[in-house]
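Have a look at the structure below before the remarks.
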Amino acid sequence: MSSILRMEMSTQQENSANVSGTCCLYDLLCLETPNWGAHTDRRRLSGSQRRLEKLLHQCGNDICADCGSPDPKWVSLSLGVFICIKCSGVHRSLGVHISKVFSVKLDEWTDEQVDTLGGMGGNTAANDKYEACIPDDIKKPGPDSSIQERSDFIRRKYEKLQFLNSNDLNPTCPYPGHRPSSSNNCSSQDKKPYDKQATRHRIGHAFRNSWGRMQSDSKSTKKSNPLAGMVEFVGLIKVNVVKGTNLAVRDVVTSDPYVILALGHQSVKTRVIKNNLNPVWNESLMLSIPENIPPLKVLVYDKDTFSTDDFMGEAEIDIQPLVTAARAYEKSNINESMQLGKWVASKENTLVDDGVITLEDGMVKQEINLRLQNVERGVLEIELECVPLTQ
């Protein structure tokens, strides 16, 4: 299902006149460069975010758990580790059933999430567990390591569980020579017990089948190419699934809908809302943007307990215009809120109305109302926010 989305760029002379010595925004929007600069985070920290910042500066958490890069700004909440932006891309490729990645700065953290993270002991406790038995011939990645080196080590560490100690899954260490985790320099009082995480739940028949194929091919694929599914990425996209309206009935008179978002090899999903044809999720999910930008796929399913989940519609979003606008903003000195461009709704796409791209509080955002396809009815409201790698 391919849709041609036309982008109408708009500029306002009064705004550009206030930016002396900078490029015209329209010209910048036409540039294609993968390097984004950094803009100051203008948002105030909430109480939970301040607590999160304190956790970040605890012993062991001030460097990436996987490569040692200083000042990590990402977290795998399911594994309880602070990680850098480069390693976060590898964690996303593992799937949310292994590693669910959040941003320290960009995501809105609840007190419960911070409590969970703090109770897991941070990088020290995690590395004591997952790096307890690293063989001498395997080198832990460093800050300058390639994506290949990161991917191989992180998959061994968290997916294959090859470095666990004898008190966990392995009765004996599989390697005759091993070295302790580098995180053992922290005091023992910082260490806290870590509970084994639950295994993943399969979701949606199409999604389920794709996971099944990926699993059945994983052994041969990973032997020949340990980077299967791994690509360089140029930024991140924060997707807020706001609500659904007049969704299709799948359970006699109602449905139990949830949404799957897929971008390239990545996929995430919202929670299930029971017995509701007009569900309000207001749930934010994060995905990495590959260098060759694919469309963002949106799928809606009805959750069934004893049978295959029922299809409730799909749509595609071309995020290229949003990324282009974000890149242009990062190269400008513009601070005023303004419209940067829009997708024009037409018969050739799934938009209910024009999807306007705006600059608000230093963030490039877009609100979209999608008419679900291949289903009798249903509209989905989604908010997008483009995030540079520097945040």
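Chain labels A, B, ... are given in the sequence in which chains occur in the structure tokens; within each chain residues are numbered consecutively from 1, and ligands are likewise numbered from 1 in the order shown.
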DSSP-assigned strand (DSSP E) among segment 68-128 of chain A, expressed as a list in words: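 The strand (DSSP E) residues within segment 68-128 of chain A come out as Trp74, Val75, Ser76, Val81, Phe82, Ile83, Val101, Phe102 and Ser103 of chain A.
Omitting Asp353 of chain A and its sequence neighbours fewer than 4 positions away, and counting only C-alpha atoms, the residues within 10 Å are Trp343, Val344, Ala345, Ser346, Glu367, Ile368, Asn369, Leu370 and Arg371 of chain A.
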Using only C-alpha atoms, find each residue of segment 347-388 of chain A with at least one atom at most 12 Å away from an atom of segment 281-295 of chain A; report its shortest atom-to-atom pair and that distance in Å (one decimal), sort the rows by chain and rising residue number, and return the result as a tab-separated table.
```
residue	atom	partner	partner_atom	distance
A:Leu380	CA	A:Trp281	CA	10.6
A:Glu381	CA	A:Asn282	CA	9.5
A:Ile382	CA	A:Asn282	CA	8.9
A:Glu383	CA	A:Ser284	CA	8.9
A:Leu384	CA	A:Ser284	CA	9.3
A:Glu385	CA	A:Met286	CA	9.5
A:Cys386	CA	A:Ile289	CA	9.2
A:Val387	CA	A:Ser288	CA	9.4
A:Pro388	CA	A:Ile289	CA	9.7
```
Between A:Ile357, A:Ile147, A:Leu164, A:Val375, which is the closest to Cys133 of chain A once you count only C-alpha atoms?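 Checking each of A:Ile357, A:Ile147, A:Leu164, A:Val375 against Cys133 of chain A, counting only C-alpha atoms, the winner is A:Leu164.
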Restricting the calculation to only C-alpha atoms, which member of A:Ser99, A:Gln339, A:Gln49, A:Gln113 is positioned closest to Val268 of chain A?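 Selected residue with least distance to Val268 of chain A: A:Ser99.
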What does the structure give for the distance between atom CA of Asp318 of chain A and atom CA of Met338 of chain A, in Å to one decimal? 21.2 Å
Which of A:Arg51, A:Ser332, A:Val298, A:Tyr258 sits closest to Thr110 of chain A [using only C-alpha atoms]: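 Ranking A:Arg51, A:Ser332, A:Val298, A:Tyr258 by distance to Thr110 of chain A, first place goes to A:Arg51.
For the set A:Leu236, A:Ala248, A:Val241, A:Leu52, the residue with the smallest atom-to-atom gap to Asp111 of chain A is A:Leu52, counting only C-alpha atoms.
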Distance criterion (only C-alpha atoms): nearest to Ser69 of chain A out of A:Cys87, A:Ile260, A:Val96, A:Leu56: A:Cys87
Which residue is closest to Lys269 of chain A? Choose from A:Lys297, A:Lys160, A:Lys365, A:Lys105 and count only C-alpha atoms.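 Closest candidate: A:Lys297.
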Between atom CA of Asp310 of chain A and atom CA of Val239 of chain A, what is the distance, to one decimal in Å?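 According to the coordinates, atom CA of Asp310 of chain A and atom CA of Val239 of chain A are separated by 23.1 Å.
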Give me the residues within 8 Å of Glu336 of chain A as a VMD selection string, counting only C-alpha atoms and dropping any in the same chain fewer than 2 places off. chain A and resid 15 334 338 359 to 361
Residues as selected, N, CA, C and O atoms, written as a PDB file, in the first residue's frame, can you do that?
```
ATOM      1  N   ASN A  15       8.426  36.218   9.970  1.00  0.00           N
ATOM      2  CA  ASN A  15       9.298  35.387  10.790  1.00  0.00           C
ATOM      3  C   ASN A  15      10.712  35.386  10.245  1.00  0.00           C
ATOM      4  O   ASN A  15      11.678  35.489  10.985  1.00  0.00           O
ATOM      5  N   ILE A 334      15.887  29.952  14.326  1.00  0.00           N
ATOM      6  CA  ILE A 334      14.496  30.337  14.565  1.00  0.00           C
ATOM      7  C   ILE A 334      14.017  29.775  15.905  1.00  0.00           C
ATOM      8  O   ILE A 334      14.238  28.608  16.226  1.00  0.00           O
ATOM      9  N   MET A 338       5.839  28.494  14.716  1.00  0.00           N
ATOM     10  CA  MET A 338       5.395  28.796  13.359  1.00  0.00           C
ATOM     11  C   MET A 338       5.058  27.504  12.622  1.00  0.00           C
ATOM     12  O   MET A 338       5.375  26.395  13.073  1.00  0.00           O
ATOM     13  N   LEU A 359       6.361  24.224  14.476  1.00  0.00           N
ATOM     14  CA  LEU A 359       7.445  24.385  15.442  1.00  0.00           C
ATOM     15  C   LEU A 359       6.836  24.954  16.716  1.00  0.00           C
ATOM     16  O   LEU A 359       6.297  26.054  16.710  1.00  0.00           O
ATOM     17  N   GLU A 360       6.894  24.167  17.813  1.00  0.00           N
ATOM     18  CA  GLU A 360       6.313  24.597  19.083  1.00  0.00           C
ATOM     19  C   GLU A 360       7.302  24.310  20.204  1.00  0.00           C
ATOM     20  O   GLU A 360       7.703  23.166  20.412  1.00  0.00           O
ATOM     21  N   ASP A 361       7.695  25.354  20.921  1.00  0.00           N
ATOM     22  CA  ASP A 361       8.615  25.217  22.051  1.00  0.00           C
ATOM     23  C   ASP A 361       9.890  24.481  21.668  1.00  0.00           C
ATOM     24  O   ASP A 361      10.405  23.639  22.414  1.00  0.00           O
TER      25      ASP A 361
END
```
Have a look at atom CA of Cys64 of chain A and atom CA of Ala262 of chain A and let me know their distance in Å, one decimal. 26.6 Å
